[in-house]
Structure formats: C-alpha cells, structure tokens
$ cat my_file_35.txt   # compact mmCIF, N, CA and C atoms
# COMPACT_ATOMS: atom_id res chain seq x y z
N MET A 9 29.66 -20.65 29.14
CA MET A 9 29.17 -20.36 30.47
C MET A 9 28.87 -21.65 31.22
N GLN A 10 28.37 -22.65 30.49
CA GLN A 10 28.06 -23.92 31.16
C GLN A 10 29.33 -24.57 31.71
N ASN A 11 30.44 -24.47 30.97
CA ASN A 11 31.71 -25.01 31.49
C ASN A 11 32.09 -24.34 32.80
N GLY A 12 31.88 -23.04 32.90
CA GLY A 12 32.18 -22.31 34.13
C GLY A 12 31.31 -22.75 35.28
N VAL A 13 30.03 -22.95 35.00
CA VAL A 13 29.12 -23.44 36.03
C VAL A 13 29.55 -24.84 36.48
N ASP A 14 29.88 -25.69 35.53
CA ASP A 14 30.30 -27.06 35.86
C ASP A 14 31.60 -27.07 36.68
N ALA A 15 32.51 -26.14 36.40
CA ALA A 15 33.80 -26.12 37.08
C ALA A 15 33.73 -25.51 38.47
N SER A 16 32.76 -24.63 38.70
CA SER A 16 32.67 -23.94 39.98
C SER A 16 32.09 -24.85 41.06
N PRO A 17 32.50 -24.61 42.30
CA PRO A 17 31.94 -25.41 43.40
C PRO A 17 30.45 -25.10 43.56
N GLU A 18 29.75 -25.97 44.27
CA GLU A 18 28.32 -25.77 44.54
C GLU A 18 28.11 -24.35 45.06
N GLY A 19 27.20 -23.63 44.44
CA GLY A 19 26.95 -22.25 44.83
C GLY A 19 27.96 -21.28 44.28
N GLY A 20 28.87 -21.75 43.42
CA GLY A 20 29.89 -20.89 42.83
C GLY A 20 29.28 -19.87 41.89
N VAL A 21 30.04 -18.89 41.58
CA VAL A 21 29.59 -17.79 40.74
C VAL A 21 30.34 -17.82 39.42
N VAL A 22 29.63 -17.49 38.34
CA VAL A 22 30.24 -17.31 37.02
C VAL A 22 29.97 -15.87 36.61
N TRP A 23 31.01 -15.17 36.19
CA TRP A 23 30.88 -13.78 35.77
C TRP A 23 30.98 -13.69 34.26
N VAL A 24 30.15 -12.84 33.67
CA VAL A 24 30.22 -12.53 32.25
C VAL A 24 30.44 -11.03 32.17
N ARG A 25 31.49 -10.63 31.46
CA ARG A 25 31.86 -9.21 31.38
C ARG A 25 32.14 -8.82 29.95
N ALA A 26 31.95 -7.56 29.66
CA ALA A 26 32.37 -6.99 28.39
C ALA A 26 32.95 -5.62 28.70
N GLU A 27 34.09 -5.32 28.09
CA GLU A 27 34.72 -4.03 28.33
C GLU A 27 35.49 -3.58 27.10
N ARG A 28 35.60 -2.28 26.97
CA ARG A 28 36.41 -1.73 25.88
C ARG A 28 37.87 -1.95 26.22
N ALA A 29 38.61 -2.34 25.22
CA ALA A 29 40.05 -2.50 25.35
C ALA A 29 40.67 -1.79 24.15
N SER A 30 41.95 -1.59 24.15
CA SER A 30 42.57 -0.86 23.05
C SER A 30 42.22 -1.50 21.71
N GLY A 31 41.53 -0.74 20.88
CA GLY A 31 41.19 -1.21 19.54
C GLY A 31 40.05 -2.20 19.45
N GLY A 32 39.32 -2.43 20.55
CA GLY A 32 38.24 -3.40 20.46
C GLY A 32 37.46 -3.57 21.74
N ILE A 33 36.79 -4.69 21.80
CA ILE A 33 35.99 -5.06 22.96
C ILE A 33 36.38 -6.47 23.38
N VAL A 34 36.49 -6.69 24.68
CA VAL A 34 36.79 -8.00 25.21
C VAL A 34 35.59 -8.49 26.01
N ALA A 35 35.09 -9.65 25.63
CA ALA A 35 34.01 -10.31 26.38
C ALA A 35 34.64 -11.50 27.09
N SER A 36 34.33 -11.67 28.37
CA SER A 36 34.95 -12.77 29.10
C SER A 36 33.96 -13.47 30.00
N VAL A 37 34.26 -14.74 30.26
CA VAL A 37 33.51 -15.57 31.20
C VAL A 37 34.54 -16.07 32.21
N GLU A 38 34.26 -15.84 33.49
CA GLU A 38 35.18 -16.24 34.56
C GLU A 38 34.44 -17.12 35.55
N ASP A 39 35.16 -18.10 36.12
CA ASP A 39 34.54 -18.99 37.09
C ASP A 39 35.38 -19.10 38.34
N GLN A 40 34.89 -19.84 39.32
CA GLN A 40 35.57 -20.06 40.59
C GLN A 40 36.13 -21.48 40.70
N GLY A 41 36.28 -22.15 39.57
CA GLY A 41 36.77 -23.52 39.57
C GLY A 41 38.27 -23.60 39.80
N PRO A 42 38.86 -24.75 39.48
CA PRO A 42 40.28 -24.96 39.72
C PRO A 42 41.19 -24.27 38.71
N GLY A 43 40.63 -23.65 37.68
CA GLY A 43 41.44 -23.02 36.65
C GLY A 43 41.80 -24.03 35.58
N CYS A 44 42.62 -23.58 34.65
CA CYS A 44 43.04 -24.42 33.53
C CYS A 44 44.56 -24.53 33.56
N ASP A 45 45.04 -25.74 33.68
CA ASP A 45 46.48 -25.99 33.71
C ASP A 45 47.15 -25.33 32.51
N PRO A 46 48.15 -24.47 32.72
CA PRO A 46 48.82 -23.80 31.60
C PRO A 46 49.32 -24.76 30.52
N ALA A 47 49.70 -25.96 30.90
CA ALA A 47 50.20 -26.94 29.93
C ALA A 47 49.08 -27.46 29.01
N LEU A 48 47.83 -27.29 29.42
CA LEU A 48 46.70 -27.82 28.66
C LEU A 48 45.90 -26.74 27.93
N ARG A 49 46.30 -25.50 28.04
CA ARG A 49 45.50 -24.39 27.51
C ARG A 49 45.30 -24.44 26.00
N ARG A 50 46.25 -24.94 25.25
CA ARG A 50 46.06 -25.06 23.81
C ARG A 50 45.12 -26.21 23.49
N GLN A 51 45.20 -27.26 24.27
CA GLN A 51 44.39 -28.46 24.04
C GLN A 51 42.90 -28.23 24.25
N VAL A 52 42.52 -27.33 25.14
CA VAL A 52 41.10 -27.18 25.46
C VAL A 52 40.29 -26.73 24.25
N PHE A 53 40.94 -26.15 23.25
CA PHE A 53 40.25 -25.70 22.04
C PHE A 53 40.28 -26.72 20.91
N GLU A 54 40.91 -27.88 21.14
CA GLU A 54 40.99 -28.92 20.12
C GLU A 54 39.74 -29.79 20.15
N PRO A 55 39.25 -30.20 18.97
CA PRO A 55 38.07 -31.07 18.94
C PRO A 55 38.30 -32.36 19.72
N PHE A 56 37.30 -32.78 20.44
CA PHE A 56 37.24 -34.03 21.19
C PHE A 56 38.10 -34.06 22.45
N TYR A 57 38.68 -32.92 22.84
CA TYR A 57 39.41 -32.87 24.11
C TYR A 57 38.40 -32.54 25.21
N THR A 58 38.37 -33.36 26.24
CA THR A 58 37.47 -33.11 27.37
C THR A 58 38.06 -33.71 28.63
N THR A 59 37.67 -33.13 29.75
CA THR A 59 38.00 -33.70 31.05
C THR A 59 36.74 -34.20 31.74
N LYS A 60 35.60 -34.07 31.06
CA LYS A 60 34.31 -34.47 31.62
C LYS A 60 33.99 -35.91 31.23
N ALA A 61 33.40 -36.64 32.15
CA ALA A 61 33.04 -38.03 31.88
C ALA A 61 32.01 -38.14 30.76
N ALA A 62 31.11 -37.19 30.67
CA ALA A 62 30.04 -37.27 29.67
C ALA A 62 30.19 -36.22 28.57
N GLY A 63 31.35 -35.60 28.47
CA GLY A 63 31.54 -34.55 27.47
C GLY A 63 32.01 -35.08 26.14
N ALA A 64 31.61 -34.38 25.07
CA ALA A 64 32.07 -34.74 23.72
C ALA A 64 33.35 -34.00 23.35
N GLY A 65 33.64 -32.92 24.06
CA GLY A 65 34.85 -32.17 23.77
C GLY A 65 34.74 -31.30 22.52
N LEU A 66 33.55 -30.87 22.19
CA LEU A 66 33.37 -30.06 20.99
C LEU A 66 33.03 -28.60 21.29
N GLY A 67 32.55 -28.29 22.47
CA GLY A 67 32.09 -26.95 22.79
C GLY A 67 33.11 -25.86 22.53
N LEU A 68 34.28 -25.96 23.14
CA LEU A 68 35.29 -24.91 22.98
C LEU A 68 35.92 -24.93 21.60
N ALA A 69 35.96 -26.09 20.94
CA ALA A 69 36.45 -26.15 19.57
C ALA A 69 35.52 -25.38 18.64
N ILE A 70 34.22 -25.51 18.86
CA ILE A 70 33.24 -24.78 18.07
C ILE A 70 33.34 -23.28 18.36
N VAL A 71 33.48 -22.93 19.63
CA VAL A 71 33.65 -21.52 20.00
C VAL A 71 34.85 -20.94 19.27
N ARG A 72 35.98 -21.62 19.33
CA ARG A 72 37.20 -21.10 18.68
C ARG A 72 36.98 -20.92 17.19
N ARG A 73 36.36 -21.88 16.54
CA ARG A 73 36.13 -21.79 15.09
C ARG A 73 35.24 -20.59 14.74
N LEU A 74 34.17 -20.39 15.48
CA LEU A 74 33.27 -19.26 15.23
C LEU A 74 33.96 -17.92 15.50
N VAL A 75 34.75 -17.88 16.55
CA VAL A 75 35.47 -16.65 16.88
C VAL A 75 36.44 -16.29 15.75
N ILE A 76 37.21 -17.27 15.28
CA ILE A 76 38.17 -17.02 14.21
C ILE A 76 37.46 -16.60 12.93
N LEU A 77 36.36 -17.27 12.59
CA LEU A 77 35.60 -16.91 11.39
C LEU A 77 35.08 -15.48 11.43
N ASN A 78 34.93 -14.94 12.62
CA ASN A 78 34.45 -13.57 12.77
C ASN A 78 35.58 -12.57 13.03
N GLY A 79 36.81 -12.99 12.77
CA GLY A 79 37.95 -12.09 12.89
C GLY A 79 38.34 -11.73 14.30
N ALA A 80 37.96 -12.53 15.25
CA ALA A 80 38.28 -12.26 16.65
C ALA A 80 39.29 -13.29 17.17
N GLU A 81 39.65 -13.16 18.42
CA GLU A 81 40.60 -14.07 19.06
C GLU A 81 40.01 -14.57 20.38
N VAL A 82 40.32 -15.80 20.74
CA VAL A 82 39.87 -16.35 22.01
C VAL A 82 41.09 -16.88 22.77
N GLU A 83 41.05 -16.72 24.07
CA GLU A 83 42.15 -17.22 24.90
C GLU A 83 41.63 -17.63 26.26
N VAL A 84 42.42 -18.44 26.93
CA VAL A 84 42.10 -18.87 28.29
C VAL A 84 43.23 -18.42 29.20
N GLY A 85 42.87 -18.01 30.39
CA GLY A 85 43.86 -17.58 31.37
C GLY A 85 43.31 -17.80 32.77
N ASP A 86 43.99 -17.22 33.74
CA ASP A 86 43.58 -17.34 35.14
C ASP A 86 42.71 -16.16 35.55
N ARG A 87 41.73 -16.44 36.38
CA ARG A 87 40.94 -15.37 36.99
C ARG A 87 41.67 -14.93 38.24
N GLU A 88 41.76 -13.63 38.43
CA GLU A 88 42.37 -13.12 39.66
C GLU A 88 41.57 -13.65 40.85
N GLY A 89 42.23 -14.29 41.77
CA GLY A 89 41.55 -14.87 42.93
C GLY A 89 41.25 -16.35 42.77
N GLY A 90 41.61 -16.92 41.61
CA GLY A 90 41.40 -18.34 41.37
C GLY A 90 40.29 -18.59 40.37
N GLY A 91 40.45 -19.64 39.61
CA GLY A 91 39.48 -19.98 38.58
C GLY A 91 40.03 -19.71 37.19
N ALA A 92 39.18 -19.88 36.20
CA ALA A 92 39.59 -19.68 34.80
C ALA A 92 38.88 -18.47 34.22
N ARG A 93 39.51 -17.90 33.20
CA ARG A 93 38.90 -16.80 32.45
C ARG A 93 39.06 -17.11 30.97
N PHE A 94 37.94 -17.17 30.26
CA PHE A 94 37.93 -17.33 28.81
C PHE A 94 37.53 -15.99 28.22
N SER A 95 38.35 -15.45 27.33
CA SER A 95 38.12 -14.12 26.78
C SER A 95 38.09 -14.17 25.26
N VAL A 96 37.19 -13.36 24.69
CA VAL A 96 37.11 -13.19 23.24
C VAL A 96 37.36 -11.71 22.97
N ARG A 97 38.35 -11.43 22.11
CA ARG A 97 38.71 -10.05 21.77
C ARG A 97 38.21 -9.75 20.36
N PHE A 98 37.28 -8.79 20.28
CA PHE A 98 36.75 -8.32 19.00
C PHE A 98 37.42 -7.01 18.65
N ARG A 99 37.89 -6.90 17.42
CA ARG A 99 38.47 -5.64 16.95
C ARG A 99 37.34 -4.74 16.44
N LEU A 100 37.46 -3.45 16.71
CA LEU A 100 36.48 -2.52 16.19
C LEU A 100 36.80 -2.19 14.74
N ALA A 101 35.79 -2.13 13.91
CA ALA A 101 35.99 -1.80 12.50
C ALA A 101 36.39 -0.34 12.38
N GLY A 102 37.24 -0.08 11.36
CA GLY A 102 37.62 1.31 11.09
C GLY A 102 38.70 1.72 12.00
$ encode --input "my_file_35.txt" --output "structure tokens"
Amino acid sequence: MQNGVDASPEGGVVWVRAERASGGIVASVEDQGPGCDPALRRQVFEPFYTTKAAGAGLGLAIVRRLVILNGAEVEVGDREGGGARFSVRFRLAG
C-alpha cells in the first residue's frame, strides 16, 4: 500500500479491494500513479530492485515470497483508468 501512496500524485487515491473469483479470492491494491512498465513487471518482485532513491528494493520481493509460501499467486498489471494494480489470488481450500 505504501508503494501505491508513493506512486500516486499528491492527493491521489489508493484502493484496496477483495473479491471472490473463480476458485478463490483476489485481494488487490490499485493506485493512480504512472503504472508499471510491462517490460519491468517481473523485475519488481526481484530482491534489491527499486526505482526509489531511498528504497532497498525488498518490499515486493518479501511480498512475493510470503504469497508463494502460502500457496497463492501475486501479479502486477494496469488499473483501468491509469495506474498500477497488484493482486494476490488465494485459492479456496476444498
């Protein structure tokens, strides 16, 4: 969520949503920032990758690791209307 706040313009909005999807639940964070270049989408989850002057580049790498350890999936895409959307898909047991 902090990445979304940082990416959004002053007074920008960050949305947090959860919804049922086929076979699971999808939780997402969306922002009003510039979005994520499709060529860099795999890199944003790698340790030490950052575009911030003061960032360590570990936040999204840790998120990805925790998501995978819990049997879920994480992805980045575009928010309709501009910005980025980070989504975590949890499968329902049974």
$ closest_residue --input "my_file_35.txt" --among "A:Cys44, A:Lys60, A:Gln10, A:Val34" --to "Val84 of chain A" --atoms "all atoms listed in the file"
A:Cys44
$ residues_around --input "my_file_35.txt" --residues "segment 38-42 of chain A" --least-positions-apart "6" --cutoff "6 Å" --atoms "only N, CA and C atoms" --output "ChimeraX atom specification"
/A:12,15-17,21-24,90-94
$ atom_distance --input "my_file_35.txt" --atom1 "atom C of Val37 of chain A" --atom2 "atom N of Glu83 of chain A"
10.4 Å
$ residues_around --input "my_file_35.txt" --residues "Ile33 of chain A" --least-positions-apart "6" --cutoff "8 Å" --atoms "only N, CA and C atoms" --output "VMD selection string"
chain A and resid 26 to 27 96 to 100
$ select_by_dssp --input "my_file_35.txt" --residues "segment 17-70 of chain A" --states "helix (DSSP H, G or I)" --output "list of chain:residue names"
A:Pro46, A:Ala47, A:Leu48, A:Gln51, A:Val52, A:Phe53, A:Gly67, A:Leu68, A:Ala69, A:Ile70
$ atom_distance --input "my_file_35.txt" --atom1 "atom N of Met9 of chain A" --atom2 "atom C of Ser36 of chain A"
8.4 Å
$ atom_distance --input "my_file_35.txt" --atom1 "atom CA of Ala35 of chain A" --atom2 "atom C of Ser95 of chain A"
5.7 Å
$ closest_residue --input "my_file_35.txt" --among "A:Ala29, A:Gly43, A:Gly19, A:Arg73" --to "Arg87 of chain A" --atoms "all atoms listed in the file"
A:Gly43
$ select_by_dssp --input "my_file_35.txt" --residues "chain A" --states "strand (DSSP E)" --output "list in words"
Trp23, Val24, Arg25, Ala26, Glu27, Arg28, Ala29, Gly32, Ile33, Val34, Ala35, Ser36, Val37, Glu38, Glu81, Val82, Glu83, Val84, Gly85, Asp86, Ala92, Arg93, Phe94, Ser95, Val96, Arg97, Phe98 and Arg99 of chain A
$ build_atoms --input "my_file_35.txt" --residues "segment 37-48 of chain A" --atoms "all heavy atoms" --output "CSV table (one decimal), in the coordinates of the input"
chain,number,residue,atom,x,y,z
A,37,VAL,N,34.3,-14.7,30.3
A,37,VAL,CA,33.5,-15.6,31.2
A,37,VAL,C,34.5,-16.1,32.2
A,37,VAL,O,35.6,-16.6,31.8
A,37,VAL,CB,32.8,-16.8,30.5
A,37,VAL,CG1,32.1,-17.7,31.5
A,37,VAL,CG2,31.8,-16.3,29.4
A,38,GLU,N,34.3,-15.8,33.5
A,38,GLU,CA,35.2,-16.2,34.6
A,38,GLU,C,34.4,-17.1,35.6
A,38,GLU,O,33.2,-16.9,35.8
A,38,GLU,CB,35.7,-15.0,35.3
A,38,GLU,CG,36.5,-14.0,34.4
A,38,GLU,CD,36.9,-12.8,35.1
A,38,GLU,OE1,36.5,-12.6,36.3
A,38,GLU,OE2,37.7,-12.0,34.5
A,39,ASP,N,35.2,-18.1,36.1
A,39,ASP,CA,34.5,-19.0,37.1
A,39,ASP,C,35.4,-19.1,38.3
A,39,ASP,O,36.5,-18.5,38.4
A,39,ASP,CB,34.3,-20.4,36.5
A,39,ASP,CG,35.5,-21.1,36.1
A,39,ASP,OD1,36.5,-21.1,36.9
A,39,ASP,OD2,35.6,-21.7,35.0
A,40,GLN,N,34.9,-19.8,39.3
A,40,GLN,CA,35.6,-20.1,40.6
A,40,GLN,C,36.1,-21.5,40.7
A,40,GLN,O,36.4,-21.9,41.8
A,40,GLN,CB,34.6,-19.8,41.8
A,40,GLN,CG,34.2,-18.4,41.9
A,40,GLN,CD,33.2,-18.2,43.1
A,40,GLN,OE1,32.3,-19.0,43.2
A,40,GLN,NE2,33.5,-17.2,43.9
A,41,GLY,N,36.3,-22.2,39.6
A,41,GLY,CA,36.8,-23.5,39.6
A,41,GLY,C,38.3,-23.6,39.8
A,41,GLY,O,38.9,-22.6,40.2
A,42,PRO,N,38.9,-24.8,39.5
A,42,PRO,CA,40.3,-25.0,39.7
A,42,PRO,C,41.2,-24.3,38.7
A,42,PRO,O,42.4,-24.3,38.9
A,42,PRO,CB,40.4,-26.5,39.6
A,42,PRO,CG,39.3,-26.9,38.7
A,42,PRO,CD,38.2,-25.9,39.0
A,43,GLY,N,40.6,-23.6,37.7
A,43,GLY,CA,41.4,-23.0,36.6
A,43,GLY,C,41.8,-24.0,35.6
A,43,GLY,O,41.4,-25.2,35.6
A,44,CYS,N,42.6,-23.6,34.6
A,44,CYS,CA,43.0,-24.4,33.5
A,44,CYS,C,44.6,-24.5,33.6
A,44,CYS,O,45.3,-23.5,33.5
A,44,CYS,CB,42.6,-23.8,32.2
A,44,CYS,SG,42.9,-24.8,30.8
A,45,ASP,N,45.0,-25.7,33.7
A,45,ASP,CA,46.5,-26.0,33.7
A,45,ASP,C,47.2,-25.3,32.5
A,45,ASP,O,46.7,-25.6,31.4
A,45,ASP,CB,46.7,-27.5,33.7
A,45,ASP,CG,48.2,-27.9,33.8
A,45,ASP,OD1,49.1,-27.1,33.5
A,45,ASP,OD2,48.4,-29.0,34.2
A,46,PRO,N,48.2,-24.5,32.7
A,46,PRO,CA,48.8,-23.8,31.6
A,46,PRO,C,49.3,-24.8,30.5
A,46,PRO,O,49.3,-24.4,29.3
A,46,PRO,CB,50.0,-23.1,32.3
A,46,PRO,CG,49.5,-22.8,33.7
A,46,PRO,CD,48.7,-24.0,34.0
A,47,ALA,N,49.7,-26.0,30.9
A,47,ALA,CA,50.2,-26.9,29.9
A,47,ALA,C,49.1,-27.5,29.0
A,47,ALA,O,49.4,-28.0,27.9
A,47,ALA,CB,50.9,-28.1,30.6
A,48,LEU,N,47.8,-27.3,29.4
A,48,LEU,CA,46.7,-27.8,28.7
A,48,LEU,C,45.9,-26.7,27.9
A,48,LEU,O,44.9,-27.0,27.2
A,48,LEU,CB,45.8,-28.6,29.6
A,48,LEU,CG,46.4,-29.8,30.3
A,48,LEU,CD1,45.3,-30.4,31.3
A,48,LEU,CD2,46.9,-30.8,29.4
